[in-house]
Every structure is written in structure tokens, then in C-alpha cells.
Amino acid sequence: MKPEEGYICCIVNPKAGAISGSRTGRQFGNYLVERGFEVRVSLTASLEDACSIATSAADDRLCAMVVAVGGDGTVSHIAHGLEGSDKPLMIIPCGTENLLANELGLDGSLRTAVGTFEAGRIRRLDLGTANGRCFTSIVGFGFDGSVVGRVHDSRAGHIDYFDYFWPIWRTFWEYRFDPMRVKVDGEEIFDGRALVFVGNISRYALGLQILPAADFGDGLLDVCIYRCASHLKLLQHSAMTVLKRHAGCGGVIYRQAKKVTVSAETDIATQVDGDPGPQLPVELRVLPSAVNCLVPAGGRPAGIRSRVFRMLE
């Protein structure tokens, strides 16, 4: 990309969690300016604001690229705003988990950001929708939805991994394992007590490979249903997931689809890309090849070990 091709729109979430990521965002902006690019920075006031700014950039013929500096929620709303546009999206991760960035091989360092920009390698990114709300990564129903809800309710500013400890602990002991129904491409494949994950990427929090067959550009959503009615079963599923053996177990149903519907008779918490999600029933659909995304050459998803090391830095 050359400076004469247009300005670069940099959308920054000032409330995103990681200080190191925010620093990388500033350093990357300085790098672009030093090389003659015009950089226009917009600070978001809300997730909806991030989407609106991205939509304006997508419609502006003078804009050459959009840089998203934020966490998963910010990135998904910016991607929503760019849906259908040919404007490339580059991610500078600075949230707590950064699921999509980790899937793409973006580690939040300036070196990786510069290398990704200079290589100019683009892949088409599918988006998912949950009752019309876009997501880039994973939607969870049940246990993790309750955890995200607790974190969101107690959040007062920047958060880190340790802010999840008590919500996870309380949810573990209080969770009721209410039943859900799951339809895949119109066919009901499950009705019972379970934890359900639907997504576009392979790895979830801390690098857990919950959706091992997921590919963010294959035009499909991956579905993982853990049959689960007790705390003991939850611990067993967790152990098998860490060992990457859960998808072949009898207590797990794994599918790929273009449309997924999750419903229930009770109020079950949901999360969408790390933020509280809509009430059930939820209809999920895939929007194939919706966004151009800059990816590092040879980038690979970050696993559990890499995530833990970054958490301790």
C-alpha cells in the first residue's frame, strides 16, 4: 500500500483492556506517519459507535484501509461496519482475550503489525450473525454466557484475566444446567442439558481448541454441543478439551452448518465475542467472505501455552 492510495482510518477503543496493545497501536500509527501515510484516528464512545465509524470509512472512496485497535467486541463491530466493502481491515489487539487476532496469528507486537502491513497478505473473513448482531469469533450458550454476564455487570474500567476468576468460581457452583434445543440447517439435532458453542474460529479463551475444524473463511459455522448436566461432567469435558480429545467423545456433538438455532424454555445466558448476547431463541447465520482482513504471513493460531505466557507478561 502506498500513501497516495488514500488515508488510513484508525478506530481506537480507549477502554480496551491491554495497555501493551494500546501502546502498539500508537507505535504503529507513528510508523505509518513516518512513512508518509495520512492517519485519521477516531476514538469510540461505544461498540455501536465503532460500527458507525467503520461504515463511514467503508463508504469513503478516499479511505484506503481501516485499522481496529481494541478487543473482540470492538473488532466485530468494526467488521460489521465494513461488511461487503473492499477496504482491508487490520487488527491491533488490545483486549483481554483477542480471540480473532490470536486465530490469525497476530500477537499484539509492533514487529508483527509492521510485518503484516508490509506483506499486504489478505484473506476473506466470514462473519456470523446472532439475531442480526454480527460476530467474528464464538457465541456461547450457558455457562460461559453466565460468566461473561457477571464480568460485564461488575466491570468499572479495564479488565484482565484475574477479573474472570470470581465470576467463573461463582458460576461453577451456581450454574443449573438448564436444557436447550439446537437445530442445524433446519434439523433438530439435540434437546437436553448442555453447553453450546457456535463459532467461526477454532480456539476460545486461553487457547482452548473448542471448535477444532473451524476455518474463518470456509463459509460455515462450527457447532459444538457438550452434553452436560452436572459439575462433574463439566470438569470432565474441560479436561478432554484441554487434551484436544473432546470432539470424538460420545458426550459431544460436533457439526458444521450455515444456519443454527438455539432455543430454551428458561432464561439462559449467552455471550457474543466476549460481550453479553441476546436472549433465546437465537438464530445464527454465516455471511461468507464478508470482510477483507490483513493477516501475517505464516500466522498460526496461538495455543494454550502461548496465551498463558502472554497473560504472565
# chains A, B, ... in the order shown; residues from 1 in each chain; ligands from 1
$ residues_around --residues "Gly132 in chain A" --least-positions-apart "4" --cutoff "10 Å" --atoms "only C-alpha atoms" --output "list in words"
Gly128, Pro278, Val282, Glu283, Leu284 and Arg285 of chain A
$ residues_around --residues "Thr24 in chain A" --least-positions-apart "3" --cutoff "12 Å" --atoms "only C-alpha atoms" --output "VMD selection string"
chain A and resid 12 18 to 21 27 to 31 68 to 70 91 to 94 106 to 114
$ select_by_dssp --residues "range 36-263 of chain A" --states "alpha helix (DSSP H)" --output "NGL selection string"
:A and (47-59 or 72-82 or 99-104 or 110-119 or 143-154 or 165-174 or 231-242)
$ write_last_selection --atoms "C-alpha atoms" --output "short mmCIF file (atom, residue, chain, number, x, y, z; two decimals), in the first residue's frame"
data_model
loop_
_atom_site.label_atom_id
_atom_site.label_comp_id
_atom_site.auth_asym_id
_atom_site.auth_seq_id
_atom_site.Cartn_x
_atom_site.Cartn_y
_atom_site.Cartn_z
CA LEU A 47 -19.44 -0.51 20.25
CA GLU A 48 -22.20 0.91 18.06
CA ASP A 49 -20.00 3.96 17.52
CA ALA A 50 -17.19 1.70 16.26
CA CYS A 51 -19.57 0.19 13.69
CA SER A 52 -20.77 3.61 12.56
CA ILE A 53 -17.22 4.93 12.07
CA ALA A 54 -16.28 1.83 10.09
CA THR A 55 -19.36 2.18 7.90
CA SER A 56 -18.42 5.77 7.09
CA ALA A 57 -14.87 4.69 6.24
CA ALA A 58 -16.18 1.91 4.00
CA ASP A 59 -18.25 4.43 2.05
CA ASP A 72 -13.05 -8.74 20.24
CA GLY A 73 -16.22 -6.71 20.71
CA THR A 74 -14.70 -3.65 19.06
CA VAL A 75 -13.26 -5.71 16.19
CA SER A 76 -16.57 -7.48 15.49
CA HIS A 77 -18.47 -4.18 15.32
CA ILE A 78 -15.86 -2.65 13.03
CA ALA A 79 -16.01 -5.75 10.82
CA HIS A 80 -19.79 -5.36 10.73
CA GLY A 81 -19.37 -1.81 9.50
CA LEU A 82 -17.01 -2.99 6.74
CA LEU A 99 -9.79 -14.33 20.03
CA LEU A 100 -9.83 -13.40 16.34
CA ALA A 101 -6.38 -11.80 16.44
CA ASN A 102 -4.90 -14.88 18.09
CA GLU A 103 -6.56 -17.08 15.48
CA LEU A 104 -4.97 -15.03 12.71
CA LEU A 110 4.78 -3.84 16.77
CA ARG A 111 7.05 -6.16 14.79
CA THR A 112 4.14 -8.39 13.79
CA ALA A 113 1.92 -5.39 12.98
CA VAL A 114 4.54 -3.83 10.71
CA GLY A 115 5.33 -7.15 9.04
CA THR A 116 1.65 -7.82 8.40
CA PHE A 117 1.11 -4.39 6.90
CA GLU A 118 4.17 -4.55 4.66
CA ALA A 119 3.38 -8.08 3.43
CA PHE A 143 -22.01 -21.48 31.43
CA ASP A 144 -19.70 -19.06 29.63
CA GLY A 145 -22.60 -16.73 28.90
CA SER A 146 -23.21 -16.52 32.67
CA VAL A 147 -19.53 -15.82 33.32
CA VAL A 148 -19.43 -13.02 30.74
CA GLY A 149 -22.61 -11.55 32.21
CA ARG A 150 -21.09 -11.43 35.71
CA VAL A 151 -17.89 -9.82 34.42
CA HIS A 152 -19.88 -7.24 32.45
CA ASP A 153 -22.09 -6.35 35.44
CA SER A 154 -19.07 -5.74 37.72
CA PHE A 165 -11.62 -15.66 38.49
CA TRP A 166 -14.53 -14.98 40.86
CA PRO A 167 -17.21 -14.93 38.12
CA ILE A 168 -16.00 -18.36 36.95
CA TRP A 169 -15.88 -19.68 40.54
CA ARG A 170 -19.37 -18.40 41.41
CA THR A 171 -20.87 -19.57 38.13
CA PHE A 172 -19.38 -23.04 38.57
CA TRP A 173 -21.15 -23.57 41.89
CA GLU A 174 -24.41 -21.82 40.99
CA HIS A 231 -20.47 -30.13 37.76
CA LEU A 232 -18.52 -33.38 37.47
CA LYS A 233 -19.42 -33.70 33.79
CA LEU A 234 -18.37 -30.09 33.24
CA LEU A 235 -14.95 -30.85 34.72
CA GLN A 236 -14.64 -33.97 32.55
CA HIS A 237 -15.49 -32.01 29.40
CA SER A 238 -12.98 -29.31 30.38
CA ALA A 239 -10.20 -31.87 30.80
CA MET A 240 -10.96 -33.54 27.45
CA THR A 241 -10.99 -30.13 25.73
CA VAL A 242 -7.58 -29.25 27.15
#
$ residues_around --residues "Phe37 in chain A" --least-positions-apart "6" --cutoff "8 Å" --atoms "only C-alpha atoms" --output "ChimeraX atom specification"
/A:2-4,6-8
$ closest_residue --among "A:Thr136, A:Thr266, A:Ser230, A:Ser42" --to "Val198 in chain A" --atoms "only C-alpha atoms"
A:Thr136
$ select_by_dssp --residues "range 260-297 of chain A" --states "strand (DSSP E or B)" --output "list in words"
Val260, Thr261, Val262, Ser263, Thr270, Gln271, Val272, Asp275, Pro276, Val282, Glu283, Leu284, Arg285, Val286, Leu287, Pro288, Ser289, Ala290, Val291, Asn292, Cys293 and Leu294 of chain A
$ closest_residue --among "A:Ile189, A:Ala290, A:Met90, A:Val272" --to "Tyr254 in chain A" --atoms "only C-alpha atoms"
A:Ile189
$ residues_around --residues "Asp126 in chain A" --least-positions-apart "3" --cutoff "12 Å" --atoms "only C-alpha atoms" --output "JSON, numbers by chain"
{"A": [76, 79, 80, 82, 83, 84, 100, 123, 129, 134, 135, 136, 137, 199, 200, 201, 214, 215, 216, 217, 218, 219, 220, 221, 258, 285, 286, 287, 288, 289, 290, 291, 292, 293]}
$ atom_distance --atom1 "CA of Met65 in chain A" --atom2 "CA of Cys10 in chain A"
8.5 Å
